[in-house]
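**Student:** Quick one: the structure is below, and I'll ask about it shortly.
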Amino acid sequence: MMAAVSPKHSLQAELNKITELLEVLKQEQQDLVAADIDHLTSLTPQKSALVNEMATLATARHHALAEAGFPAMELGMESWLEAQHDDAANILWQQLLDQTRAAKELNRLNGVLINKHLGHTQGALQALRPQQTTVYGPSGMTTSGTTRRGFIAG
């Protein structure tokens with residue numbers, strides 16, 4: 001009979017993955033500030049893979065918690081740690097929580113930068129579009145007309 005896997009088993013691997021994700025998010029932020037779209041685009045698959053790997057590790061930890069009789073969630077991990085009196089596991093867990101909070105904040109800030117870039121792009125596109133004006137036709141009904149921007153050559 002195989003021994004059950006401890007919820008502690010994946011903590012170091014999870015910590016390694018969240019640390020890698022933090023590095024990718026920092027690079028993403030640098031690319032956003034520099035508007036380096038080519039490099040930014042190359043980070044997306046890497047970021048997705050790390051998030052998927054982290055989800056797989058967390059699922060394994062949740063299963064191990066359930067097998068040990070604890071809720072299969074973060075609250076269950078807290079309860080499991082209290083029952084174990086394992087300082088090393090507790091330190092790993094706190095580091096994982098700290099790194100996760102840092103990654104969430106960095107991701108939020110990157111989202112703000114993306115929205116700022118998007119706003120500038122939309123403004124630039126709007127400036128390039130012909131302006132619509134409301135014009136009344138011979139029947140008195142409104143019709144749309146395009147204001148033309150012409151150049152005067154002199």
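Chain lettering (A, B, ...) mirrors the order of the structure tokens, residue numbering begins at 1 for each chain separately, and ligand numbering begins at 1 in order of display.
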I want to know what sits within 9 Å of A:Lys8, based on only C-alpha atoms, with residues of the same chain fewer than 2 positions away left out; could you give that as a short mmCIF file (atom, residue, chain, number, x, y, z; two decimals) with all heavy atoms, in the first residue's frame?
**Tutor:**
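The resulting file, part-v1.cif, is shown below:
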```
data_model
loop_
_atom_site.label_atom_id
_atom_site.label_comp_id
_atom_site.auth_asym_id
_atom_site.auth_seq_id
_atom_site.Cartn_x
_atom_site.Cartn_y
_atom_site.Cartn_z
N VAL A 5 0.51 11.18 0.02
CA VAL A 5 1.40 12.29 -0.23
C VAL A 5 1.05 13.40 0.77
O VAL A 5 -0.11 13.71 1.00
CB VAL A 5 1.24 12.80 -1.68
CG1 VAL A 5 2.07 14.04 -1.91
CG2 VAL A 5 1.63 11.71 -2.67
N SER A 6 2.07 13.99 1.34
CA SER A 6 1.88 15.07 2.31
C SER A 6 1.52 16.38 1.59
O SER A 6 2.05 16.66 0.51
CB SER A 6 3.16 15.27 3.11
OG SER A 6 3.11 16.47 3.84
N SER A 10 4.31 19.56 -2.23
CA SER A 10 4.40 20.46 -3.40
C SER A 10 4.78 21.89 -3.05
O SER A 10 4.95 22.71 -3.95
CB SER A 10 3.07 20.46 -4.15
OG SER A 10 2.08 21.13 -3.39
N LEU A 11 4.93 22.21 -1.77
CA LEU A 11 5.18 23.61 -1.39
C LEU A 11 6.43 24.20 -2.03
O LEU A 11 6.38 25.32 -2.55
CB LEU A 11 5.25 23.76 0.14
CG LEU A 11 3.94 23.63 0.88
CD1 LEU A 11 4.16 23.79 2.38
CD2 LEU A 11 2.91 24.63 0.38
N GLN A 12 7.54 23.48 -2.01
CA GLN A 12 8.77 24.02 -2.60
C GLN A 12 8.61 24.20 -4.11
O GLN A 12 9.03 25.21 -4.67
CB GLN A 12 9.97 23.13 -2.30
CG GLN A 12 11.30 23.73 -2.77
CD GLN A 12 11.64 25.05 -2.08
OE1 GLN A 12 11.69 25.13 -0.87
NE2 GLN A 12 11.85 26.09 -2.87
N ARG A 61 -1.89 19.50 -3.97
CA ARG A 61 -1.86 19.84 -2.54
C ARG A 61 -3.25 19.74 -1.93
O ARG A 61 -3.44 19.21 -0.84
CB ARG A 61 -1.27 21.24 -2.34
CG ARG A 61 -1.19 21.66 -0.88
CD ARG A 61 -0.43 22.97 -0.66
NE ARG A 61 -0.60 23.97 -1.68
CZ ARG A 61 -1.62 24.82 -1.74
NH1 ARG A 61 -2.58 24.77 -0.85
NH2 ARG A 61 -1.67 25.73 -2.70
N ALA A 64 -4.11 16.14 -1.39
CA ALA A 64 -3.39 15.62 -0.23
C ALA A 64 -4.04 16.10 1.07
O ALA A 64 -4.14 15.34 2.04
CB ALA A 64 -1.92 16.03 -0.28
N LEU A 81 -1.20 22.84 8.82
CA LEU A 81 0.07 23.33 9.37
C LEU A 81 0.01 23.43 10.89
O LEU A 81 0.98 23.09 11.57
CB LEU A 81 0.43 24.69 8.76
CG LEU A 81 0.94 24.64 7.32
CD1 LEU A 81 0.94 26.03 6.71
CD2 LEU A 81 2.32 24.02 7.26
N ALA A 89 7.69 23.66 6.95
CA ALA A 89 6.51 23.72 6.09
C ALA A 89 5.79 25.05 6.28
O ALA A 89 5.33 25.66 5.30
CB ALA A 89 5.56 22.57 6.39
N LEU A 92 7.74 27.74 4.39
CA LEU A 92 7.48 27.60 2.94
C LEU A 92 6.11 28.16 2.59
O LEU A 92 5.95 28.87 1.59
CB LEU A 92 7.57 26.14 2.50
CG LEU A 92 8.96 25.55 2.32
CD1 LEU A 92 8.86 24.05 2.06
CD2 LEU A 92 9.69 26.25 1.18
N TRP A 93 5.10 27.81 3.40
CA TRP A 93 3.74 28.27 3.15
C TRP A 93 3.65 29.80 3.21
O TRP A 93 3.04 30.41 2.34
CB TRP A 93 2.78 27.62 4.15
CG TRP A 93 1.36 28.06 4.00
CD1 TRP A 93 0.63 28.79 4.89
CD2 TRP A 93 0.49 27.83 2.88
NE1 TRP A 93 -0.63 29.01 4.40
CE2 TRP A 93 -0.74 28.42 3.18
CE3 TRP A 93 0.66 27.16 1.67
CZ2 TRP A 93 -1.82 28.38 2.30
CZ3 TRP A 93 -0.41 27.12 0.79
CH2 TRP A 93 -1.63 27.72 1.11
#
```
**Student:** DSSP on the backbone: which residues in chain A end up as alpha helix (DSSP H)? Give the answer as an mmCIF file with N, CA and C atoms, in the first residue's frame.
**Tutor:**
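Saved to result16.cif:
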```cif
data_model
loop_
_atom_site.group_PDB
_atom_site.id
_atom_site.type_symbol
_atom_site.label_atom_id
_atom_site.label_comp_id
_atom_site.auth_asym_id
_atom_site.auth_seq_id
_atom_site.Cartn_x
_atom_site.Cartn_y
_atom_site.Cartn_z
ATOM 1 N N LEU A 11 4.934 22.211 -1.765
ATOM 2 C CA LEU A 11 5.178 23.607 -1.388
ATOM 3 C C LEU A 11 6.427 24.201 -2.033
ATOM 4 N N GLN A 12 7.535 23.481 -2.011
ATOM 5 C CA GLN A 12 8.771 24.018 -2.602
ATOM 6 C C GLN A 12 8.607 24.202 -4.113
ATOM 7 N N ALA A 13 7.980 23.234 -4.760
ATOM 8 C CA ALA A 13 7.754 23.357 -6.210
ATOM 9 C C ALA A 13 6.838 24.539 -6.509
ATOM 10 N N GLU A 14 5.800 24.722 -5.682
ATOM 11 C CA GLU A 14 4.896 25.868 -5.870
ATOM 12 C C GLU A 14 5.647 27.182 -5.668
ATOM 13 N N LEU A 15 6.495 27.222 -4.649
ATOM 14 C CA LEU A 15 7.285 28.430 -4.388
ATOM 15 C C LEU A 15 8.220 28.719 -5.562
ATOM 16 N N ASN A 16 8.834 27.684 -6.118
ATOM 17 C CA ASN A 16 9.715 27.870 -7.282
ATOM 18 C C ASN A 16 8.938 28.434 -8.469
ATOM 19 N N LYS A 17 7.727 27.916 -8.695
ATOM 20 C CA LYS A 17 6.917 28.369 -9.844
ATOM 21 C C LYS A 17 6.447 29.803 -9.660
ATOM 22 N N ILE A 18 6.018 30.168 -8.451
ATOM 23 C CA ILE A 18 5.540 31.540 -8.242
ATOM 24 C C ILE A 18 6.710 32.524 -8.352
ATOM 25 N N THR A 19 7.907 32.086 -7.948
ATOM 26 C CA THR A 19 9.091 32.930 -8.099
ATOM 27 C C THR A 19 9.400 33.145 -9.582
ATOM 28 N N GLU A 20 9.290 32.078 -10.376
ATOM 29 C CA GLU A 20 9.479 32.205 -11.831
ATOM 30 C C GLU A 20 8.429 33.146 -12.422
ATOM 31 N N LEU A 21 7.179 32.999 -11.973
ATOM 32 C CA LEU A 21 6.109 33.855 -12.480
ATOM 33 C C LEU A 21 6.367 35.316 -12.130
ATOM 34 N N LEU A 22 6.853 35.575 -10.926
ATOM 35 C CA LEU A 22 7.192 36.949 -10.544
ATOM 36 C C LEU A 22 8.233 37.544 -11.484
ATOM 37 N N GLU A 23 9.228 36.754 -11.848
ATOM 38 C CA GLU A 23 10.257 37.234 -12.777
ATOM 39 C C GLU A 23 9.647 37.553 -14.149
ATOM 40 N N VAL A 24 8.752 36.711 -14.617
ATOM 41 C CA VAL A 24 8.088 36.954 -15.899
ATOM 42 C C VAL A 24 7.236 38.221 -15.813
ATOM 43 N N LEU A 25 6.519 38.400 -14.696
ATOM 44 C CA LEU A 25 5.688 39.594 -14.527
ATOM 45 C C LEU A 25 6.536 40.861 -14.464
ATOM 46 N N LYS A 26 7.715 40.780 -13.842
ATOM 47 C CA LYS A 26 8.630 41.931 -13.812
ATOM 48 C C LYS A 26 9.108 42.257 -15.223
ATOM 49 N N GLN A 27 9.435 41.221 -15.993
ATOM 50 C CA GLN A 27 9.862 41.438 -17.382
ATOM 51 C C GLN A 27 8.708 42.027 -18.193
ATOM 52 N N GLU A 28 7.502 41.516 -17.951
ATOM 53 C CA GLU A 28 6.320 42.032 -18.642
ATOM 54 C C GLU A 28 6.156 43.528 -18.351
ATOM 55 N N GLN A 29 6.357 43.913 -17.107
ATOM 56 C CA GLN A 29 6.233 45.319 -16.752
ATOM 57 C C GLN A 29 7.288 46.168 -17.465
ATOM 58 N N GLN A 30 8.523 45.663 -17.518
ATOM 59 C CA GLN A 30 9.578 46.381 -18.239
ATOM 60 C C GLN A 30 9.222 46.535 -19.717
ATOM 61 N N ASP A 31 8.694 45.470 -20.296
ATOM 62 C CA ASP A 31 8.302 45.514 -21.707
ATOM 63 C C ASP A 31 7.143 46.482 -21.935
ATOM 64 N N LEU A 32 6.209 46.533 -20.994
ATOM 65 C CA LEU A 32 5.084 47.470 -21.114
ATOM 66 C C LEU A 32 5.574 48.906 -21.043
ATOM 67 N N VAL A 33 6.479 49.180 -20.120
ATOM 68 C CA VAL A 33 7.018 50.537 -19.976
ATOM 69 C C VAL A 33 7.797 50.923 -21.231
ATOM 70 N N ALA A 34 8.561 49.977 -21.778
ATOM 71 C CA ALA A 34 9.356 50.237 -22.979
ATOM 72 C C ALA A 34 8.549 50.086 -24.265
ATOM 73 N N ILE A 37 6.537 45.420 -27.747
ATOM 74 C CA ILE A 37 5.418 44.518 -28.010
ATOM 75 C C ILE A 37 5.900 43.142 -28.432
ATOM 76 N N ASP A 38 6.971 43.063 -29.235
ATOM 77 C CA ASP A 38 7.465 41.763 -29.693
ATOM 78 C C ASP A 38 7.885 40.890 -28.520
ATOM 79 N N HIS A 39 8.666 41.447 -27.608
ATOM 80 C CA HIS A 39 9.112 40.658 -26.456
ATOM 81 C C HIS A 39 7.949 40.375 -25.514
ATOM 82 N N LEU A 40 7.070 41.350 -25.367
ATOM 83 C CA LEU A 40 5.894 41.185 -24.509
ATOM 84 C C LEU A 40 5.046 40.004 -24.976
ATOM 85 N N THR A 41 4.857 39.907 -26.269
ATOM 86 C CA THR A 41 4.067 38.820 -26.854
ATOM 87 C C THR A 41 4.712 37.466 -26.592
ATOM 88 N N SER A 42 6.033 37.429 -26.565
ATOM 89 C CA SER A 42 6.733 36.159 -26.328
ATOM 90 C C SER A 42 6.584 35.682 -24.884
ATOM 91 N N LEU A 43 6.233 36.578 -23.969
ATOM 92 C CA LEU A 43 6.082 36.199 -22.558
ATOM 93 C C LEU A 43 4.750 35.511 -22.266
ATOM 94 N N THR A 44 3.751 35.755 -23.088
ATOM 95 C CA THR A 44 2.410 35.235 -22.814
ATOM 96 C C THR A 44 2.377 33.707 -22.690
ATOM 97 N N PRO A 45 2.954 32.935 -23.616
ATOM 98 C CA PRO A 45 2.919 31.471 -23.453
ATOM 99 C C PRO A 45 3.673 31.010 -22.197
ATOM 100 N N GLN A 46 4.763 31.673 -21.887
ATOM 101 C CA GLN A 46 5.552 31.330 -20.710
ATOM 102 C C GLN A 46 4.724 31.573 -19.434
ATOM 103 N N LYS A 47 4.048 32.703 -19.395
ATOM 104 C CA LYS A 47 3.209 33.045 -18.243
ATOM 105 C C LYS A 47 2.066 32.046 -18.100
ATOM 106 N N SER A 48 1.421 31.709 -19.196
ATOM 107 C CA SER A 48 0.316 30.747 -19.166
ATOM 108 C C SER A 48 0.778 29.381 -18.678
ATOM 109 N N ALA A 49 1.937 28.933 -19.148
ATOM 110 C CA ALA A 49 2.467 27.630 -18.738
ATOM 111 C C ALA A 49 2.745 27.609 -17.235
ATOM 112 N N LEU A 50 3.324 28.684 -16.715
ATOM 113 C CA LEU A 50 3.610 28.744 -15.279
ATOM 114 C C LEU A 50 2.327 28.721 -14.456
ATOM 115 N N VAL A 51 1.327 29.461 -14.885
ATOM 116 C CA VAL A 51 0.050 29.486 -14.169
ATOM 117 C C VAL A 51 -0.588 28.097 -14.181
ATOM 118 N N ASN A 52 -0.529 27.416 -15.320
ATOM 119 C CA ASN A 52 -1.078 26.050 -15.409
ATOM 120 C C ASN A 52 -0.324 25.083 -14.498
ATOM 121 N N GLU A 53 1.001 25.185 -14.466
ATOM 122 C CA GLU A 53 1.799 24.312 -13.604
ATOM 123 C C GLU A 53 1.482 24.583 -12.132
ATOM 124 N N MET A 54 1.317 25.851 -11.783
ATOM 125 C CA MET A 54 0.975 26.200 -10.403
ATOM 126 C C MET A 54 -0.396 25.648 -10.024
ATOM 127 N N ALA A 55 -1.335 25.718 -10.945
ATOM 128 C CA ALA A 55 -2.680 25.194 -10.679
ATOM 129 C C ALA A 55 -2.629 23.683 -10.461
ATOM 130 N N THR A 56 -1.821 22.993 -11.248
ATOM 131 C CA THR A 56 -1.676 21.544 -11.094
ATOM 132 C C THR A 56 -1.084 21.201 -9.730
ATOM 133 N N LEU A 57 -0.055 21.939 -9.321
ATOM 134 C CA LEU A 57 0.561 21.703 -8.014
ATOM 135 C C LEU A 57 -0.419 21.999 -6.878
ATOM 136 N N ALA A 58 -1.170 23.082 -6.989
ATOM 137 C CA ALA A 58 -2.145 23.431 -5.950
ATOM 138 C C ALA A 58 -3.234 22.367 -5.859
ATOM 139 N N THR A 59 -3.662 21.842 -7.007
ATOM 140 C CA THR A 59 -4.671 20.783 -7.014
ATOM 141 C C THR A 59 -4.143 19.539 -6.305
ATOM 142 N N ALA A 60 -2.893 19.191 -6.546
ATOM 143 C CA ALA A 60 -2.283 18.037 -5.874
ATOM 144 C C ALA A 60 -2.231 18.283 -4.362
ATOM 145 N N ARG A 61 -1.893 19.503 -3.968
ATOM 146 C CA ARG A 61 -1.857 19.837 -2.538
ATOM 147 C C ARG A 61 -3.250 19.742 -1.931
ATOM 148 N N HIS A 62 -4.252 20.230 -2.652
ATOM 149 C CA HIS A 62 -5.629 20.151 -2.164
ATOM 150 C C HIS A 62 -6.085 18.698 -2.006
ATOM 151 N N HIS A 63 -5.709 17.845 -2.949
ATOM 152 C CA HIS A 63 -6.049 16.417 -2.845
ATOM 153 C C HIS A 63 -5.383 15.801 -1.620
ATOM 154 N N ALA A 64 -4.114 16.144 -1.389
ATOM 155 C CA ALA A 64 -3.389 15.618 -0.229
ATOM 156 C C ALA A 64 -4.037 16.099 1.069
ATOM 157 N N LEU A 65 -4.501 17.358 1.081
ATOM 158 C CA LEU A 65 -5.197 17.869 2.262
ATOM 159 C C LEU A 65 -6.478 17.077 2.517
ATOM 160 N N ALA A 66 -7.235 16.836 1.456
ATOM 161 C CA ALA A 66 -8.492 16.092 1.591
ATOM 162 C C ALA A 66 -8.222 14.678 2.108
ATOM 163 N N GLU A 67 -7.174 14.041 1.576
ATOM 164 C CA GLU A 67 -6.824 12.684 2.030
ATOM 165 C C GLU A 67 -6.406 12.678 3.497
ATOM 166 N N GLU A 74 -7.041 26.643 0.806
ATOM 167 C CA GLU A 74 -5.981 27.298 1.553
ATOM 168 C C GLU A 74 -6.250 27.275 3.056
ATOM 169 N N LEU A 75 -7.491 27.439 3.459
ATOM 170 C CA LEU A 75 -7.852 27.385 4.874
ATOM 171 C C LEU A 75 -7.503 26.009 5.457
ATOM 172 N N GLY A 76 -7.690 24.972 4.672
ATOM 173 C CA GLY A 76 -7.316 23.627 5.095
ATOM 174 C C GLY A 76 -5.817 23.504 5.299
ATOM 175 N N MET A 77 -5.049 24.212 4.476
ATOM 176 C CA MET A 77 -3.594 24.188 4.622
ATOM 177 C C MET A 77 -3.195 24.822 5.945
ATOM 178 N N GLU A 78 -3.839 25.915 6.289
ATOM 179 C CA GLU A 78 -3.566 26.582 7.575
ATOM 180 C C GLU A 78 -3.843 25.609 8.722
ATOM 181 N N SER A 79 -4.965 24.912 8.677
ATOM 182 C CA SER A 79 -5.324 23.944 9.717
ATOM 183 C C SER A 79 -4.327 22.787 9.765
ATOM 184 N N TRP A 80 -3.941 22.295 8.584
ATOM 185 C CA TRP A 80 -2.980 21.196 8.515
ATOM 186 C C TRP A 80 -1.656 21.606 9.144
ATOM 187 N N LEU A 81 -1.197 22.836 8.817
ATOM 188 C CA LEU A 81 0.067 23.328 9.369
ATOM 189 C C LEU A 81 0.013 23.432 10.890
ATOM 190 N N GLU A 82 -1.104 23.918 11.421
ATOM 191 C CA GLU A 82 -1.260 24.004 12.875
ATOM 192 C C GLU A 82 -1.151 22.625 13.506
ATOM 193 N N ALA A 83 -1.729 21.620 12.872
ATOM 194 C CA ALA A 83 -1.716 20.257 13.413
ATOM 195 C C ALA A 83 -0.332 19.607 13.313
ATOM 196 N N GLN A 84 0.479 20.030 12.340
ATOM 197 C CA GLN A 84 1.775 19.382 12.100
ATOM 198 C C GLN A 84 2.896 19.917 12.973
ATOM 199 N N ASP A 87 7.831 23.650 11.382
ATOM 200 C CA ASP A 87 8.301 25.015 11.124
ATOM 201 C C ASP A 87 8.743 25.212 9.677
ATOM 202 N N ALA A 88 9.421 24.227 9.113
ATOM 203 C CA ALA A 88 9.897 24.346 7.729
ATOM 204 C C ALA A 88 8.717 24.466 6.763
ATOM 205 N N ALA A 89 7.688 23.656 6.955
ATOM 206 C CA ALA A 89 6.505 23.724 6.089
ATOM 207 C C ALA A 89 5.793 25.053 6.276
ATOM 208 N N ASN A 90 5.731 25.536 7.503
ATOM 209 C CA ASN A 90 5.080 26.812 7.775
ATOM 210 C C ASN A 90 5.816 27.965 7.095
ATOM 211 N N ILE A 91 7.141 27.925 7.136
ATOM 212 C CA ILE A 91 7.944 28.966 6.484
ATOM 213 C C ILE A 91 7.714 28.933 4.969
ATOM 214 N N LEU A 92 7.737 27.740 4.386
ATOM 215 C CA LEU A 92 7.484 27.605 2.941
ATOM 216 C C LEU A 92 6.106 28.156 2.588
ATOM 217 N N TRP A 93 5.102 27.815 3.401
ATOM 218 C CA TRP A 93 3.736 28.269 3.146
ATOM 219 C C TRP A 93 3.654 29.799 3.206
ATOM 220 N N GLN A 94 4.277 30.405 4.216
ATOM 221 C CA GLN A 94 4.237 31.861 4.335
ATOM 222 C C GLN A 94 4.958 32.531 3.160
ATOM 223 N N GLN A 95 6.080 31.946 2.739
ATOM 224 C CA GLN A 95 6.788 32.482 1.571
ATOM 225 C C GLN A 95 5.917 32.376 0.320
ATOM 226 N N LEU A 96 5.240 31.250 0.179
ATOM 227 C CA LEU A 96 4.353 31.053 -0.971
ATOM 228 C C LEU A 96 3.233 32.085 -0.963
ATOM 229 N N LEU A 97 2.630 32.321 0.202
ATOM 230 C CA LEU A 97 1.564 33.324 0.307
ATOM 231 C C LEU A 97 2.094 34.722 -0.001
ATOM 232 N N ASP A 98 3.270 35.050 0.523
ATOM 233 C CA ASP A 98 3.867 36.373 0.274
ATOM 234 C C ASP A 98 4.161 36.570 -1.215
ATOM 235 N N GLN A 99 4.760 35.557 -1.840
ATOM 236 C CA GLN A 99 5.088 35.650 -3.268
ATOM 237 C C GLN A 99 3.815 35.734 -4.118
ATOM 238 N N THR A 100 2.782 35.021 -3.700
ATOM 239 C CA THR A 100 1.514 35.055 -4.433
ATOM 240 C C THR A 100 0.891 36.444 -4.353
ATOM 241 N N ARG A 101 0.915 37.050 -3.165
ATOM 242 C CA ARG A 101 0.403 38.424 -3.023
ATOM 243 C C ARG A 101 1.196 39.396 -3.896
ATOM 244 N N ALA A 102 2.527 39.242 -3.907
ATOM 245 C CA ALA A 102 3.376 40.107 -4.732
ATOM 246 C C ALA A 102 3.052 39.926 -6.213
ATOM 247 N N ALA A 103 2.842 38.685 -6.640
ATOM 248 C CA ALA A 103 2.514 38.419 -8.053
ATOM 249 C C ALA A 103 1.158 39.017 -8.413
ATOM 250 N N LYS A 104 0.183 38.897 -7.526
ATOM 251 C CA LYS A 104 -1.140 39.477 -7.798
ATOM 252 C C LYS A 104 -1.051 40.986 -7.942
ATOM 253 N N GLU A 105 -0.273 41.633 -7.077
ATOM 254 C CA GLU A 105 -0.131 43.091 -7.152
ATOM 255 C C GLU A 105 0.608 43.496 -8.423
ATOM 256 N N LEU A 106 1.650 42.789 -8.765
ATOM 257 C CA LEU A 106 2.396 43.101 -9.992
ATOM 258 C C LEU A 106 1.516 42.889 -11.218
ATOM 259 N N ASN A 107 0.722 41.837 -11.215
ATOM 260 C CA ASN A 107 -0.201 41.587 -12.316
ATOM 261 C C ASN A 107 -1.246 42.704 -12.406
ATOM 262 N N ARG A 108 -1.726 43.188 -11.246
ATOM 263 C CA ARG A 108 -2.689 44.294 -11.241
ATOM 264 C C ARG A 108 -2.061 45.556 -11.842
ATOM 265 N N LEU A 109 -0.823 45.852 -11.428
ATOM 266 C CA LEU A 109 -0.131 47.031 -11.964
ATOM 267 C C LEU A 109 0.109 46.896 -13.469
ATOM 268 N N ASN A 110 0.451 45.701 -13.918
ATOM 269 C CA ASN A 110 0.639 45.478 -15.355
ATOM 270 C C ASN A 110 -0.675 45.692 -16.101
ATOM 271 N N GLY A 111 -1.780 45.282 -15.491
ATOM 272 C CA GLY A 111 -3.093 45.531 -16.086
ATOM 273 C C GLY A 111 -3.372 47.018 -16.233
ATOM 274 N N VAL A 112 -2.971 47.810 -15.239
ATOM 275 C CA VAL A 112 -3.133 49.264 -15.310
ATOM 276 C C VAL A 112 -2.319 49.818 -16.477
ATOM 277 N N LEU A 113 -1.082 49.336 -16.617
ATOM 278 C CA LEU A 113 -0.241 49.788 -17.732
ATOM 279 C C LEU A 113 -0.846 49.399 -19.075
ATOM 280 N N ILE A 114 -1.384 48.198 -19.165
ATOM 281 C CA ILE A 114 -2.014 47.746 -20.411
ATOM 282 C C ILE A 114 -3.201 48.636 -20.741
ATOM 283 N N ASN A 115 -4.027 48.940 -19.739
ATOM 284 C CA ASN A 115 -5.187 49.807 -19.979
ATOM 285 C C ASN A 115 -4.763 51.210 -20.389
ATOM 286 N N LYS A 116 -3.660 51.690 -19.830
ATOM 287 C CA LYS A 116 -3.140 53.009 -20.215
ATOM 288 C C LYS A 116 -2.708 52.993 -21.681
ATOM 289 N N HIS A 117 -1.978 51.950 -22.079
ATOM 290 C CA HIS A 117 -1.565 51.815 -23.484
ATOM 291 C C HIS A 117 -2.793 51.719 -24.396
ATOM 292 N N LEU A 118 -3.769 50.945 -23.961
ATOM 293 C CA LEU A 118 -4.988 50.775 -24.746
ATOM 294 C C LEU A 118 -5.707 52.118 -24.914
ATOM 295 N N GLY A 119 -5.778 52.894 -23.843
ATOM 296 C CA GLY A 119 -6.413 54.211 -23.918
ATOM 297 C C GLY A 119 -5.711 55.132 -24.905
ATOM 298 N N HIS A 120 -4.367 55.125 -24.874
ATOM 299 C CA HIS A 120 -3.602 55.951 -25.820
ATOM 300 C C HIS A 120 -3.838 55.492 -27.257
ATOM 301 N N THR A 121 -3.852 54.184 -27.455
ATOM 302 C CA THR A 121 -4.070 53.632 -28.797
ATOM 303 C C THR A 121 -5.458 53.993 -29.307
ATOM 304 N N GLN A 122 -6.465 53.840 -28.456
ATOM 305 C CA GLN A 122 -7.833 54.181 -28.869
ATOM 306 C C GLN A 122 -7.960 55.672 -29.178
ATOM 307 N N GLY A 123 -7.299 56.509 -28.379
ATOM 308 C CA GLY A 123 -7.312 57.952 -28.650
ATOM 309 C C GLY A 123 -6.661 58.276 -29.982
ATOM 310 N N ALA A 124 -5.541 57.614 -30.258
ATOM 311 C CA ALA A 124 -4.848 57.843 -31.531
ATOM 312 C C ALA A 124 -5.704 57.384 -32.703
ATOM 313 N N LEU A 125 -6.374 56.238 -32.562
ATOM 314 C CA LEU A 125 -7.249 55.756 -33.631
ATOM 315 C C LEU A 125 -8.426 56.690 -33.840
ATOM 316 N N GLN A 126 -8.980 57.187 -32.753
ATOM 317 C CA GLN A 126 -10.115 58.114 -32.853
ATOM 318 C C GLN A 126 -9.706 59.384 -33.587
ATOM 319 N N ALA A 127 -8.514 59.855 -33.332
ATOM 320 C CA ALA A 127 -8.036 61.067 -33.998
ATOM 321 C C ALA A 127 -7.868 60.851 -35.497
ATOM 322 N N LEU A 128 -7.614 59.620 -35.903
ATOM 323 C CA LEU A 128 -7.426 59.322 -37.321
ATOM 324 C C LEU A 128 -8.741 59.110 -38.068
#
```
